[in-house]
Amino acid sequence: MRFSLLAAWLSWAGLAAPALAEPLRFNRDIRPILSENCFHCHGQDASKRKADLRLDTVEGATALLEDGAALVPGKPEESRLLQRLESSDPEEQMPPPTSHRRVSREQIALVRQWIAEGAAYEKHWAFVPPQRAALPTAAPWDREPWDAWVRQGLARENLRPTAEAAPSAWLRRAAFDLTGLAPSLAELDAFVAAVGARGESAYREETDRLLASPRHGERMAAEWLDVARYADTHGFNNDSMRSMWRWRDWVIEAFNQNLPYDQFIAKQLAGDLLPEATLDDRLATGYGRNHVINSEGGIIDEEYRVEYVADRVRTLGMSWLGLTMECSRCHDHKYDPVTAVDYYRLYAFFNQVPEWGEDGRVGNAAPLMAAPTEVQQEALQVLEGRIEEARRGLPKGEVEGRPLGEVLAWLQAGVPEVAEPSGAVLRVERRGEQWVNAHKLEPSLGGQVRVAEDAALGPVMAFPSEGWQLEPGHFGAASQQPWTWQAAVRWEGGTGVLFSNMEYGVVESSSSHGQGLEVRLTAAGGVEVRVAQKWPAYAIQLESAERIRPGLWQQIAVVNGGKDQAAGWRVYIDGRESEVVVRHDGLTGGVGAKGLRMGSASGAKPDAFCGELADVRAWPRALGAEEIGDLADGVYVRLLRGPEGMAAALGQLERLQAVVRRHQPRTAAAERALRGLEAERLEMKRGFPSVMVMEELAEVRPTHVLRRGRYDAPGEVVTPGVPEELLGAWPTGAPKNRLGLARWLTQPEHPLTARVVVNRFWQQVFGTGLVKTSEDFGFQSEYPRHPELLDWLARDFVEGGWNVKALMRSIVLSATYRQDSRVSADLVARDPENRWLGRGPRLRLAAEMIRDHALAVSGLLRERLGGPSVFPDQPEDLYKGVVVDAAYPGTKWVVSEGDARYRRSLYTFWKRTVPHPVMNVLDVPDRESGCVRRSRTNTPLQALALMNEPALLRAAGHLGQRMQAEGGAGDAARLAWGFRLAAGRAPGEREAAVLEKLLGELRRSYAGDAEGAAAMLRSGDVAAGAAGAGEAAAWIALASNLLNLDETITKN
Amino acid sequence: MDCHRYQTWGSRRDFLGRTGLGLGAAALSGLLGGGAARAAGGLPGVPHFAPKAKRVIYLFQSGGPPHLELFDPKPLLSERFDEELPTSVRGNQRITGMVSAQGKLALQPSKYAFRQCGQSGQWLSDLLPHTQKIADQLCVVRSMNTEAINHDPAITLLQTGSQQPGRPSLGAWLDYGLGSANENLPSYMVMCSVPSKGAPDQGLLSRLWGSGFLPSRHQGVPLRGGNDPVLYLSDAPGISRERRRLLLNGLGELNSLQLEASGDPEIETRIAQYEMAFRMQASVPDLTDLSKEPEETWELYGEAARQPGSFARHCLLARRMAERGVGFIQLYHRGWDVHGDLTGRLPVLCGDVDQAAAALVTDLQRRGLLDETLVIFGGEFGRTCYAQGGANREKYGRDHHGRCFSLWMAGGGVKPGLSYGATDDFGFNIVQDPVDVHDLHATLLHQLGIDHEQLTFRFQGRQFRLTDVHGKVIPALLA
C-alpha cells in the first residue's frame, strides 16, 4: 500500500465535526427549493406568472407588492415568502395545496437562514464559465491532481477512501470501461507481472494499450449511439429499414483516432458546411438525421417535418448543452431562462434541410448520399488507376494526326449504318403533316409539336411546344418492366421535361400526388429520372453526373431495369454510361404504364423542354451498352456527314476520337476494354452504401415561432441565433448557420458544453455523473457533488485540446478510480450511490457488454470493425402479430450466417419498435429519441434471458468445452480456469468447493440420463468428446452458471 | 420489465435496512425458501384513496373501429346518403392525405342496423349480438375525442398520454405506482392478436407497453403463444426442473459468497431475482394451462378460444390473470383500419371479438371479479361519416376520424347501462359531454385509487405524469 491508511484516517478524523458554520450558497442550497416549488408560477414564463411576482431574480423577489415584499434581505420575519411558506392556512399557504408540492421543515429553515444571511442570489452555476479553483494541498493518496477534490469531499463527509484494488481487478475494470471487453487470461497474467516488475509505469502502459485498441472506439461509440438515437429502422408503425451504419462506423473511427471533441461536435453538426468538406465530414452529419421518420400513409407532411427539426433541437440540447430545450417549444421555459423565441432561433438552424415529413418507407429518406467505406474507396482508387492507364494506353488509330477532313471521310466509309436494335415499339417520324410512331401507325397521338428542319437529320420536333401525348399502348413506361428510351437532343438551356406521365395535378396532400415517371433535364444539363408513387416521398430520384451542353446534338438514352430501385437505372450520354447521383431511393411499389407526354409534363407544372428532339425511340427491354453505343454513333455520324459536320466534329473532339477508335478494327478492342472498365466502375459505385445526411436548402426557409408548438400555428418570424446573453456571445465572424453554431458551442468559455461532455464520460465510468442529471444542467438540475472537480476536468479537457483519450486516461489512472469496490455496511448506509466516491465503481455491465463478454470467454466472438448491422439469434416469432403487415425491408429477421452471428452487440440490427429482446430486458433504451442515462434494473426476466437465451447457451457449450480442453488437468484446475475467465479472478477456497460440489451433482444427474445429456449438447451446440455425453453436459450446465454469476456480469 | 413488486425489497437500501449484510449460505437457504410476507412494491402513499377497482383489462381494438357501425347510430346519414358533408359541420377539421384528393366527402350511412338492448335500452349494433346481451353492464362513451389522426400518434396517445414517443405506458405507470398483488407473476402483461381472416394492417410498437422514462422493469411483459409463453421462460432441453434447482443453488451460493466479500447489496437483489425467475417458470405455465377449464368455458368464450393466439383465447387468459392478481392486462386486436373495405372486414372483426369480450365480462361477473376489474373496449380513434372513395349502400370504407369515437367500459366501479356523451346527427362532432384521452386516463386512475395529479415521476427536471397538464375525472361515468 502506497500510503498509511492510519495516517490518512487520522487526518480525516480532525475534520470529523460537521461543517455547520459554512454559510449557505444560493446555487447549492436555495435555488433547488425555489426552482422546484416556486418558479413554475413565479418564474420567467410571464404568461403563467401569478400575482405579478417573480422569484427567479433578486429584483423581482424584493419588489414591493400589495402586501409587502416577498424577500426582505436580512429580515426573515418581514419576508412574505417565508410567511407564506410557513402558513398552514390553505388560502395563504405556498405552494398551494392543489399544486401537490411540499416544502419540508428543513428546507424552510434553510430559506430562513439564507434570508437572515442577506438573501444573496447567485447566477446559476452552470451558466458561469467553468473556473479552475486552486487545488487543495496535495496528499500522497492523490494520483491525478484532481484526486485532491475527491479526497477533500470525503474528508468533509467524514468518510475515507477504500484501499486500492488489486492490479488484476483494476485491469478488468479498466478494460471494460475503455474497450467493453474483459482482458484475456494472458493479458491479466502479463499485467500482474508487469506491475510487479515496473510498478506504476505498468498501469500507464496498460492504459495506453487499451486506448490504442480498436475496441476502444467500439466501446465509446456504444454510449454515443444512445445519445444520438442511432438505429437501423425509421421507427413509427411501419418501422422499415434505413442505412446509417456508415455514420455509426464514423463514430467508432472518430473515437479510435481520438478526434478532438470540438471537431467531433462540429463535424456532426455541420460537416457538410465545412470548407472543402470531405466525404467523412458530410457523413458525420448523419447525427442530425438519426431521428425517427414517419412513413404512415396520409400523415400531414409538415406536421412531421416540424417534429424532425424539433428532435434535432432536443438532441442538441441533451447532447451538448445539457438543457431541456424542448420545454420551450410550446411556451417560455418554466424553470430555465430560455424563451420560446430562443427555442425557435435555435430551431431555425435545423429548419433548412431539404426533407419531407413523410418519407422512408423502403429505405433512406432524402437527403442522402453514397458513402463508400475506406476499403471501397481504395478499391475505387485502384480501378481509377486502371482506367487512367487504359486511357493513356489507347492505341493511335490510322486516322490519328490526320486532317479532320480525312477523318470524316474515313468515318463515311468506316462506320456502317446499323440496323435498329430489335423489338422497338416506338420511333417518332414525320409523315405528311403528322408526327407518327413508325412502329404503330394508329392515330392515338395528340398534341401539337412544331416542326424544325435540321440539315442533317431532317424534320425534328421543336420545343417549347404544347407537348406530344402518347397513348400507353405505344409506350407507357411502366416502372416494373424493363425498357429503353433514347433520343437525339439539342438543348437550349433551362430545366425541361423530355417525357413525363407524373400526376402533379393531384393535390399535394394526396397519396397519389405526382404518381408516375419522368425524364427531364436539370438547369445544369444533367439527365434526371423521377419515378414516384407519391412525389416526392415515395420515389426514385437520380441525376446523371455527366451533363449535356447547350446547342449541340447529343444522344440521351435511359434504361430502366424494371427493379424499382435506383440501382436498376442507367443513363447514357452520347453512348457512354454516366455515373448517377441518387437523390432518393424510396419507391414503395411499381408505377404502371400510362400515357406519356413528350417535351412537357402535364397539368400544374409543365416545365417545358426548350430545344429539339430527333430519333426518339423506345424498346420494351433493357438495351446493352453496345447497342446504345451504336445508336449514338449512328446519329453522330449522320451529323458529321451533314453540312455542319465540321462543327459537330470540332464541338466534340473527344467523342469523335472515341467513335473512330470504336470502329477501327485495330483499336476497337482497346476502346471496348476501356469502356468495360468504366462500366465496372459504375457497377462498383452502385454497390456503395447509402447514408442520410444534412444539407441546406438553396433558399432559406423562414422560421416562425410556432404557437403552442403546433406546426399549423406560425407566429412571428425569427432568425437563427442562440441565447447569447445567457451562454456567451456569437463568435466574431462565424456564419449564422450550423457551422457557426458549432463554433459557438465549442468556444473555450462556453459555460455548458465541456461540463456536459466531461460529466457524461464520468458517468460512463462511475455509473453516475458528478451532476447526476446528466441531461439537464439547468435550474432543475442537481447541484454538482464536486463542483470544483467538474470545472477542473472541463477546463483541462478544453485546454488540452478536447482530448477524450487524455480524459479517459486521467480517470482510469486516478486514485479515485483505482479504489477497491468493496464496501462496508456503514458506507452503503451513508453513501448508497457512491456519490462521494469513497470506493471504486461496481456496476452491472451494459447489455452489450454482457453478451460480448459471454461470447468472448466462450471463444465464439468474431471481432471485425464496422460494417452493415448483423442479425444474431432472435426468437423466430418475435415479430409475429406485432410488426406492420407489409413486406417493407426491416420487417423480417433472418439470422445471419457465419461470423456475423457472433459480432459485438454494437452491430446488432436495431429495430426501434421491437428491439432485440435480450438487449431490451437489460435496459437498452428504445432509441426513438436520444437518451443519456440508461436505467439499471435487476429483474427476473434478465435472469431468464441469461439462463435460457439460445446464443448464451451456445456460449456456455463452448465455454464448457474450453474448460475441459484448455483448463489444465483435473476438475479443480479446469473449474478455476473457467471461473477466472468469467469473473477475472481465481475462485476462493469456498467458491472452489461450491463449484466442485456442483460439478459432481451435475455429473451424477446426467450420468443416468442419456437423453437429457444429448439434449444439453444440442443446446450447447457441441459434440460429446471422449469423456462421453454426460460429462460434456455437466460442463455445459456448469459453464452456463458461470455466465450467470453476478460477478461475471458486473464491472467490479 | 418489472419485478420489484414481487421481489422482497424495493431497493438495495430497503434491503439493508431490514437484513444487514454478510449472509452466509445457511441464512441464504432461508432466504431462498420464500414464503415470508412480501411487500407489494409500489410507491408509499399509493393508492391515494380507497380504490374501486384493483385491476384493468384493456381490450384495445387497434386501427380505429368505426363508431357509426358499432356504437353510435345516425339515421340522418341514411336520409342524406351520398350528399356532401356540409362545410358547417366539417369546420376546420384536418383531412388526412388518404381522402384529401377525393372530390367529394359523401355521407355514408351504416349498412348495419342497431337496436336498443336490455333494461337500459342502450343502442348497440347487430354486428355485436353478444355485446347486446350485456348492454346493461356497459358504460358506453360516445364522446371520446383525440387530437391525433394517424395511427402511431393516436395509439401512442391512448396508451401513454402523449402523441410523442418516450412516455411510460398506462400499465407502466400503474406498475410504478401500485406494485403487484402476485409475487410470482409479472403484474403487467400484454397479448396481441390478429384478425382470423384478412390483413392485420398497422403494426404495433413495443413502446405501447414500454416504460418510457420509468425504469425498464415497469414495462409490460408480452405473453406469447407456444412453449415459451414468456420469452426465455422455458429451460433448455437437457435442463430439467431438478437440474435448474441444482444450478440455482450453486449460483446462489457463489453469489452469496461474493456478497460477503464485496458487500454490494445489489447481489442480494440478484439472488432474489433468480429465485423469482424460478418461481415464474412454474406460475406462468400454470396460468396458461387451460386443460382444466370446463366445457362451459369454451361454450362461453366460443370455439375460437381453443385457438392459441386468438383474441378469444386472450380474453380467457385475461380472466385467469385477473384471478391471479395481475394488475394491468393489455390486449390488442389488430385489423380495424377499414379504409377501403369496411363492409368486407367488419363482420370478421366483430366475429373475432364480440363473443369473447362479452364472455369475459360475464365470466368476471359470475366469479365476483367484475366489480374490482375495469374492462375497457375501444380503439385509437373513430372513422369518418363520409366514405373513403364513393358512398355506397352495400360496399364502402371510411377514413380516420379523431373528433369523436366510442368505447365501452364495464365493471371497476363505472356506471352500468349508461350511454355517455353525444355526437351531432352526422356523427362528426361532439355536441355533449366530451371526454378526451386525458380525461379517460384520469378517470381510470381514479378508479384505481390514484389522483392523476399526484402520480408523478421526476425526469429532465420536471415532475411528469400520465395526464401531463391535462385531464379531469368524469364523475358522471362513475357508479
# chains A, B, ... in the order shown; residues from 1 in each chain; ligands from 1

$ residues_around --residues "A:Ala532" --least-positions-apart "6" --cutoff "9 Å" --atoms "only C-alpha atoms" --output "list in words"
Met502, Ser512, His513, Gly514, Gln515, Gly516, Leu517, Glu518, Tyr538, Ala539, Ile540, Gln541, Gly586, Leu587, Thr588, Gly589, Gly590 and Val591 of chain A

$ write_last_selection --atoms "N, CA and C atoms" --output "compact mmCIF listing (two decimals), in the first residue's frame"
# COMPACT_ATOMS: atom_id res chain seq x y z
N MET A 502 -46.12 12.01 -64.87
CA MET A 502 -46.34 12.23 -63.44
C MET A 502 -47.56 13.12 -63.22
N SER A 512 -51.57 10.03 -53.95
CA SER A 512 -51.15 9.73 -55.31
C SER A 512 -50.59 10.97 -56.01
N HIS A 513 -50.26 11.97 -55.24
CA HIS A 513 -49.70 13.17 -55.86
C HIS A 513 -48.40 12.84 -56.59
N GLY A 514 -48.33 13.27 -57.84
CA GLY A 514 -47.09 13.11 -58.60
C GLY A 514 -46.81 11.69 -59.03
N GLN A 515 -47.80 10.80 -58.95
CA GLN A 515 -47.54 9.41 -59.32
C GLN A 515 -47.17 9.32 -60.79
N GLY A 516 -46.17 8.56 -61.10
CA GLY A 516 -45.77 8.40 -62.49
C GLY A 516 -44.26 8.40 -62.64
N LEU A 517 -43.84 8.77 -63.85
CA LEU A 517 -42.44 8.62 -64.20
C LEU A 517 -42.03 9.77 -65.11
N GLU A 518 -40.81 10.18 -65.00
CA GLU A 518 -40.41 11.36 -65.76
C GLU A 518 -38.92 11.33 -66.02
N TYR A 538 -42.28 8.96 -51.89
CA TYR A 538 -42.08 7.57 -52.29
C TYR A 538 -41.64 7.56 -53.73
N ALA A 539 -40.37 7.73 -53.91
CA ALA A 539 -39.88 7.99 -55.24
C ALA A 539 -38.43 7.57 -55.40
N ILE A 540 -38.08 7.38 -56.66
CA ILE A 540 -36.67 7.31 -57.03
C ILE A 540 -36.37 8.64 -57.71
N GLN A 541 -35.27 9.24 -57.31
CA GLN A 541 -34.84 10.44 -58.00
C GLN A 541 -33.34 10.33 -58.17
N GLY A 586 -36.56 5.58 -52.69
CA GLY A 586 -37.62 5.17 -51.76
C GLY A 586 -38.93 4.83 -52.46
N LEU A 587 -38.84 4.20 -53.62
CA LEU A 587 -40.07 3.82 -54.31
C LEU A 587 -40.70 2.63 -53.59
N THR A 588 -41.99 2.73 -53.31
CA THR A 588 -42.62 1.70 -52.48
C THR A 588 -43.32 0.64 -53.29
N GLY A 589 -43.46 0.86 -54.58
CA GLY A 589 -44.14 -0.13 -55.39
C GLY A 589 -44.12 0.32 -56.82
N GLY A 590 -44.57 -0.53 -57.71
CA GLY A 590 -44.47 -0.22 -59.13
C GLY A 590 -45.43 0.87 -59.56
N VAL A 591 -45.07 1.52 -60.66
CA VAL A 591 -45.95 2.50 -61.28
C VAL A 591 -46.29 1.96 -62.66

$ select_by_dssp --residues "stretch 36-259 of chain B" --states "helix (DSSP H, G or I)" --output "mmCIF file with N, CA and C atoms, in the first residue's frame"
data_model
loop_
_atom_site.group_PDB
_atom_site.id
_atom_site.type_symbol
_atom_site.label_atom_id
_atom_site.label_comp_id
_atom_site.auth_asym_id
_atom_site.auth_seq_id
_atom_site.Cartn_x
_atom_site.Cartn_y
_atom_site.Cartn_z
ATOM 1 N N HIS B 67 -67.191 3.943 -35.182
ATOM 2 C CA HIS B 67 -68.253 4.147 -34.196
ATOM 3 C C HIS B 67 -69.633 4.114 -34.840
ATOM 4 N N LEU B 68 -69.702 4.532 -36.118
ATOM 5 C CA LEU B 68 -71.012 4.643 -36.766
ATOM 6 C C LEU B 68 -71.610 3.278 -37.105
ATOM 7 N N GLU B 69 -70.791 2.253 -37.163
ATOM 8 C CA GLU B 69 -71.307 0.905 -37.384
ATOM 9 C C GLU B 69 -71.523 0.157 -36.076
ATOM 10 N N LEU B 70 -70.880 0.604 -34.997
ATOM 11 C CA LEU B 70 -70.886 -0.223 -33.792
ATOM 12 C C LEU B 70 -71.659 0.369 -32.615
ATOM 13 N N PRO B 75 -79.278 7.828 -38.076
ATOM 14 C CA PRO B 75 -80.235 7.625 -39.175
ATOM 15 C C PRO B 75 -80.136 8.727 -40.237
ATOM 16 N N LEU B 76 -79.745 9.919 -39.827
ATOM 17 C CA LEU B 76 -79.694 11.015 -40.796
ATOM 18 C C LEU B 76 -78.770 10.702 -41.974
ATOM 19 N N LEU B 77 -77.740 9.929 -41.706
ATOM 20 C CA LEU B 77 -76.789 9.612 -42.768
ATOM 21 C C LEU B 77 -77.462 8.816 -43.874
ATOM 22 N N SER B 78 -78.461 8.032 -43.489
ATOM 23 C CA SER B 78 -79.182 7.263 -44.483
ATOM 24 C C SER B 78 -80.075 8.187 -45.313
ATOM 25 N N GLU B 79 -80.726 9.106 -44.626
ATOM 26 C CA GLU B 79 -81.573 10.063 -45.339
ATOM 27 C C GLU B 79 -80.756 10.899 -46.317
ATOM 28 N N THR B 87 -70.170 21.986 -45.030
ATOM 29 C CA THR B 87 -68.973 22.682 -44.572
ATOM 30 C C THR B 87 -69.136 23.144 -43.121
ATOM 31 N N SER B 88 -70.367 23.498 -42.780
ATOM 32 C CA SER B 88 -70.605 23.971 -41.414
ATOM 33 C C SER B 88 -70.303 22.868 -40.401
ATOM 34 N N VAL B 89 -70.516 21.633 -40.799
ATOM 35 C CA VAL B 89 -70.235 20.511 -39.904
ATOM 36 C C VAL B 89 -68.736 20.211 -39.884
ATOM 37 N N ARG B 90 -68.163 20.243 -41.053
ATOM 38 C CA ARG B 90 -66.754 19.897 -41.152
ATOM 39 C C ARG B 90 -65.873 20.898 -40.407
ATOM 40 N N PRO B 129 -73.951 -9.098 -31.475
ATOM 41 C CA PRO B 129 -75.085 -9.715 -30.785
ATOM 42 C C PRO B 129 -74.772 -10.095 -29.331
ATOM 43 N N HIS B 130 -73.559 -10.536 -29.055
ATOM 44 C CA HIS B 130 -73.229 -10.910 -27.680
ATOM 45 C C HIS B 130 -73.076 -9.688 -26.795
ATOM 46 N N THR B 131 -72.486 -8.672 -27.354
ATOM 47 C CA THR B 131 -72.341 -7.425 -26.596
ATOM 48 C C THR B 131 -73.715 -6.847 -26.281
ATOM 49 N N GLN B 132 -74.629 -7.008 -27.234
ATOM 50 C CA GLN B 132 -76.006 -6.535 -26.983
ATOM 51 C C GLN B 132 -76.572 -7.157 -25.711
ATOM 52 N N LYS B 133 -76.230 -8.429 -25.470
ATOM 53 C CA LYS B 133 -76.791 -9.125 -24.307
ATOM 54 C C LYS B 133 -76.240 -8.605 -22.982
ATOM 55 N N ALA B 135 -75.601 -5.405 -22.498
ATOM 56 C CA ALA B 135 -75.765 -3.947 -22.591
ATOM 57 C C ALA B 135 -75.902 -3.296 -21.212
ATOM 58 N N ASP B 136 -76.592 -3.980 -20.331
ATOM 59 C CA ASP B 136 -76.833 -3.363 -19.023
ATOM 60 C C ASP B 136 -75.581 -3.301 -18.156
ATOM 61 N N GLN B 137 -74.557 -3.999 -18.553
ATOM 62 C CA GLN B 137 -73.290 -3.925 -17.817
ATOM 63 C C GLN B 137 -72.417 -2.785 -18.330
ATOM 64 N N HIS B 151 -52.375 6.624 -37.037
ATOM 65 C CA HIS B 151 -52.351 5.521 -36.084
ATOM 66 C C HIS B 151 -51.295 5.660 -35.009
ATOM 67 N N ASP B 152 -50.058 5.861 -35.462
ATOM 68 C CA ASP B 152 -48.971 5.824 -34.492
ATOM 69 C C ASP B 152 -49.158 6.857 -33.378
ATOM 70 N N PRO B 153 -49.333 8.137 -33.733
ATOM 71 C CA PRO B 153 -49.531 9.107 -32.650
ATOM 72 C C PRO B 153 -50.812 8.859 -31.861
ATOM 73 N N ALA B 154 -51.856 8.384 -32.525
ATOM 74 C CA ALA B 154 -53.135 8.220 -31.835
ATOM 75 C C ALA B 154 -53.071 7.085 -30.826
ATOM 76 N N ILE B 155 -52.499 5.984 -31.227
ATOM 77 C CA ILE B 155 -52.438 4.834 -30.322
ATOM 78 C C ILE B 155 -51.420 5.115 -29.219
ATOM 79 N N THR B 156 -50.374 5.856 -29.569
ATOM 80 C CA THR B 156 -49.383 6.227 -28.560
ATOM 81 C C THR B 156 -50.015 7.160 -27.520
ATOM 82 N N LEU B 157 -50.875 8.054 -27.972
ATOM 83 C CA LEU B 157 -51.583 8.944 -27.049
ATOM 84 C C LEU B 157 -52.488 8.138 -26.107
ATOM 85 N N LEU B 158 -53.242 7.221 -26.681
ATOM 86 C CA LEU B 158 -54.158 6.426 -25.860
ATOM 87 C C LEU B 158 -53.389 5.605 -24.824
ATOM 88 N N GLN B 159 -52.239 5.108 -25.190
ATOM 89 C CA GLN B 159 -51.534 4.181 -24.318
ATOM 90 C C GLN B 159 -50.483 4.844 -23.440
ATOM 91 N N THR B 160 -50.083 6.076 -23.782
ATOM 92 C CA THR B 160 -49.032 6.710 -22.972
ATOM 93 C C THR B 160 -49.363 8.139 -22.560
ATOM 94 N N LEU B 170 -49.576 3.347 -19.877
ATOM 95 C CA LEU B 170 -50.549 3.264 -18.786
ATOM 96 C C LEU B 170 -50.187 2.207 -17.748
ATOM 97 N N GLY B 171 -49.934 1.006 -18.250
ATOM 98 C CA GLY B 171 -49.632 -0.102 -17.347
ATOM 99 C C GLY B 171 -48.347 0.121 -16.578
ATOM 100 N N ALA B 172 -47.378 0.773 -17.225
ATOM 101 C CA ALA B 172 -46.113 1.043 -16.538
ATOM 102 C C ALA B 172 -46.328 2.033 -15.394
ATOM 103 N N TRP B 173 -47.169 3.037 -15.646
ATOM 104 C CA TRP B 173 -47.484 3.990 -14.576
ATOM 105 C C TRP B 173 -48.121 3.264 -13.389
ATOM 106 N N LEU B 174 -49.048 2.358 -13.696
ATOM 107 C CA LEU B 174 -49.716 1.658 -12.608
ATOM 108 C C LEU B 174 -48.747 0.744 -11.873
ATOM 109 N N ASP B 175 -47.899 0.101 -12.638
ATOM 110 C CA ASP B 175 -46.917 -0.783 -12.043
ATOM 111 C C ASP B 175 -45.991 0.003 -11.113
ATOM 112 N N TYR B 176 -45.598 1.171 -11.589
ATOM 113 C CA TYR B 176 -44.741 2.056 -10.806
ATOM 114 C C TYR B 176 -45.471 2.525 -9.541
ATOM 115 N N GLY B 177 -46.745 2.859 -9.682
ATOM 116 C CA GLY B 177 -47.470 3.409 -8.550
ATOM 117 C C GLY B 177 -47.965 2.360 -7.576
ATOM 118 N N LEU B 178 -48.501 1.287 -8.145
ATOM 119 C CA LEU B 178 -49.241 0.353 -7.299
ATOM 120 C C LEU B 178 -48.482 -0.907 -6.916
ATOM 121 N N SER B 206 -43.563 -1.716 -29.472
ATOM 122 C CA SER B 206 -43.352 -2.158 -28.093
ATOM 123 C C SER B 206 -43.384 -0.984 -27.128
ATOM 124 N N ARG B 207 -43.271 0.251 -27.659
ATOM 125 C CA ARG B 207 -43.396 1.395 -26.752
ATOM 126 C C ARG B 207 -44.789 1.478 -26.140
ATOM 127 N N LEU B 208 -45.775 0.858 -26.780
ATOM 128 C CA LEU B 208 -47.140 0.931 -26.261
ATOM 129 C C LEU B 208 -47.243 0.239 -24.907
ATOM 130 N N TRP B 209 -46.357 -0.700 -24.659
ATOM 131 C CA TRP B 209 -46.306 -1.296 -23.323
ATOM 132 C C TRP B 209 -44.919 -1.051 -22.687
ATOM 133 N N SER B 216 -36.868 0.424 -16.640
ATOM 134 C CA SER B 216 -37.412 -0.506 -17.621
ATOM 135 C C SER B 216 -38.111 -1.694 -16.968
ATOM 136 N N ARG B 217 -37.935 -1.896 -15.672
ATOM 137 C CA ARG B 217 -38.621 -3.027 -15.051
ATOM 138 C C ARG B 217 -40.131 -2.821 -15.045
ATOM 139 N N HIS B 218 -40.589 -1.619 -15.330
ATOM 140 C CA HIS B 218 -42.024 -1.378 -15.316
ATOM 141 C C HIS B 218 -42.701 -1.685 -16.637
ATOM 142 N N ARG B 241 -36.196 -29.567 -14.339
ATOM 143 C CA ARG B 241 -36.528 -28.730 -13.186
ATOM 144 C C ARG B 241 -35.548 -28.999 -12.033
ATOM 145 N N GLU B 242 -35.211 -30.247 -11.827
ATOM 146 C CA GLU B 242 -34.296 -30.602 -10.735
ATOM 147 C C GLU B 242 -32.918 -30.011 -10.990
ATOM 148 N N ARG B 243 -32.486 -30.112 -12.239
ATOM 149 C CA ARG B 243 -31.154 -29.564 -12.546
ATOM 150 C C ARG B 243 -31.145 -28.050 -12.395
ATOM 151 N N ARG B 244 -32.249 -27.409 -12.803
ATOM 152 C CA ARG B 244 -32.303 -25.952 -12.616
ATOM 153 C C ARG B 244 -32.158 -25.621 -11.136
ATOM 154 N N ARG B 245 -32.793 -26.440 -10.297
ATOM 155 C CA ARG B 245 -32.698 -26.193 -8.855
ATOM 156 C C ARG B 245 -31.254 -26.349 -8.379
ATOM 157 N N LEU B 246 -30.616 -27.417 -8.855
ATOM 158 C CA LEU B 246 -29.207 -27.625 -8.506
ATOM 159 C C LEU B 246 -28.365 -26.425 -8.901
ATOM 160 N N LEU B 247 -28.593 -25.998 -10.154
ATOM 161 C CA LEU B 247 -27.800 -24.883 -10.679
ATOM 162 C C LEU B 247 -28.058 -23.609 -9.888
ATOM 163 N N LEU B 248 -29.320 -23.369 -9.577
ATOM 164 C CA LEU B 248 -29.620 -22.144 -8.833
ATOM 165 C C LEU B 248 -29.079 -22.204 -7.415
ATOM 166 N N ASN B 249 -29.062 -23.376 -6.837
ATOM 167 C CA ASN B 249 -28.437 -23.497 -5.513
ATOM 168 C C ASN B 249 -26.961 -23.123 -5.586
ATOM 169 N N GLY B 250 -26.308 -23.685 -6.594
ATOM 170 C CA GLY B 250 -24.882 -23.387 -6.750
ATOM 171 C C GLY B 250 -24.657 -21.908 -7.014
ATOM 172 N N LEU B 251 -25.494 -21.368 -7.924
ATOM 173 C CA LEU B 251 -25.357 -19.961 -8.277
ATOM 174 C C LEU B 251 -25.595 -19.079 -7.053
ATOM 175 N N GLY B 252 -26.631 -19.413 -6.313
ATOM 176 C CA GLY B 252 -26.951 -18.624 -5.115
ATOM 177 C C GLY B 252 -25.811 -18.663 -4.119
ATOM 178 N N GLU B 253 -25.215 -19.822 -3.960
ATOM 179 C CA GLU B 253 -24.109 -19.916 -3.002
ATOM 180 C C GLU B 253 -22.918 -19.081 -3.454
ATOM 181 N N LEU B 254 -22.610 -19.190 -4.735
ATOM 182 C CA LEU B 254 -21.471 -18.407 -5.240
ATOM 183 C C LEU B 254 -21.748 -16.917 -5.121
ATOM 184 N N ASN B 255 -22.957 -16.529 -5.489
ATOM 185 C CA ASN B 255 -23.286 -15.106 -5.400
ATOM 186 C C ASN B 255 -23.272 -14.626 -3.953
ATOM 187 N N SER B 256 -23.697 -15.487 -3.037
ATOM 188 C CA SER B 256 -23.713 -15.018 -1.650
ATOM 189 C C SER B 256 -22.294 -14.938 -1.093
ATOM 190 N N LEU B 257 -21.403 -15.778 -1.578
ATOM 191 C CA LEU B 257 -20.005 -15.629 -1.175
ATOM 192 C C LEU B 257 -19.452 -14.299 -1.682
ATOM 193 N N GLN B 258 -19.842 -13.948 -2.894
ATOM 194 C CA GLN B 258 -19.398 -12.670 -3.451
ATOM 195 C C GLN B 258 -20.008 -11.508 -2.672
ATOM 196 N N LEU B 259 -21.231 -11.694 -2.277
ATOM 197 C CA LEU B 259 -21.890 -10.664 -1.458
ATOM 198 C C LEU B 259 -21.128 -10.455 -0.157
#

$ closest_residue --among "B:Glu183, B:Glu296, B:Asp352, B:Asp436" --to "B:Ala312" --atoms "only C-alpha atoms"
B:Asp352

$ atom_distance --atom1 "atom CA of A:Gly271" --atom2 "atom CA of A:Arg738"
9.0 Å

$ residues_around --residues "stretch 60-68 of chain A" --least-positions-apart "6" --cutoff "8 Å" --atoms "only C-alpha atoms" --output "PDB file with N, CA and C atoms, in the first residue's frame"
ATOM      1  N   LEU A  53     -45.611  38.240  -9.336  1.00  0.00           N
ATOM      2  CA  LEU A  53     -44.420  38.038  -8.510  1.00  0.00           C
ATOM      3  C   LEU A  53     -43.440  37.123  -9.214  1.00  0.00           C
ATOM      4  N   ARG A  54     -42.202  37.546  -9.191  1.00  0.00           N
ATOM      5  CA  ARG A  54     -41.155  36.787  -9.849  1.00  0.00           C
ATOM      6  C   ARG A  54     -40.063  36.515  -8.824  1.00  0.00           C
ATOM      7  N   SER A  79     -40.272  38.964   5.494  1.00  0.00           N
ATOM      8  CA  SER A  79     -40.340  38.443   4.126  1.00  0.00           C
ATOM      9  C   SER A  79     -41.619  37.636   3.941  1.00  0.00           C
ATOM     10  N   ARG A  80     -42.445  38.101   2.994  1.00  0.00           N
ATOM     11  CA  ARG A  80     -43.711  37.421   2.733  1.00  0.00           C
ATOM     12  C   ARG A  80     -43.478  35.973   2.284  1.00  0.00           C
TER      13      ARG A  80
END

$ residues_around --residues "A:Pro872" --least-positions-apart "5" --cutoff "7 Å" --atoms "only C-alpha atoms" --output "number ranges by chain"
A: 895-896, 901-902, 908

$ residues_around --residues "stretch 323-339 of chain B" --least-positions-apart "3" --cutoff "7 Å" --atoms "only C-alpha atoms" --output "PyMOL selection string"
chain B and resi 54-65+171+180-182+186-195+199-201+311+318-320+342+388+397-399
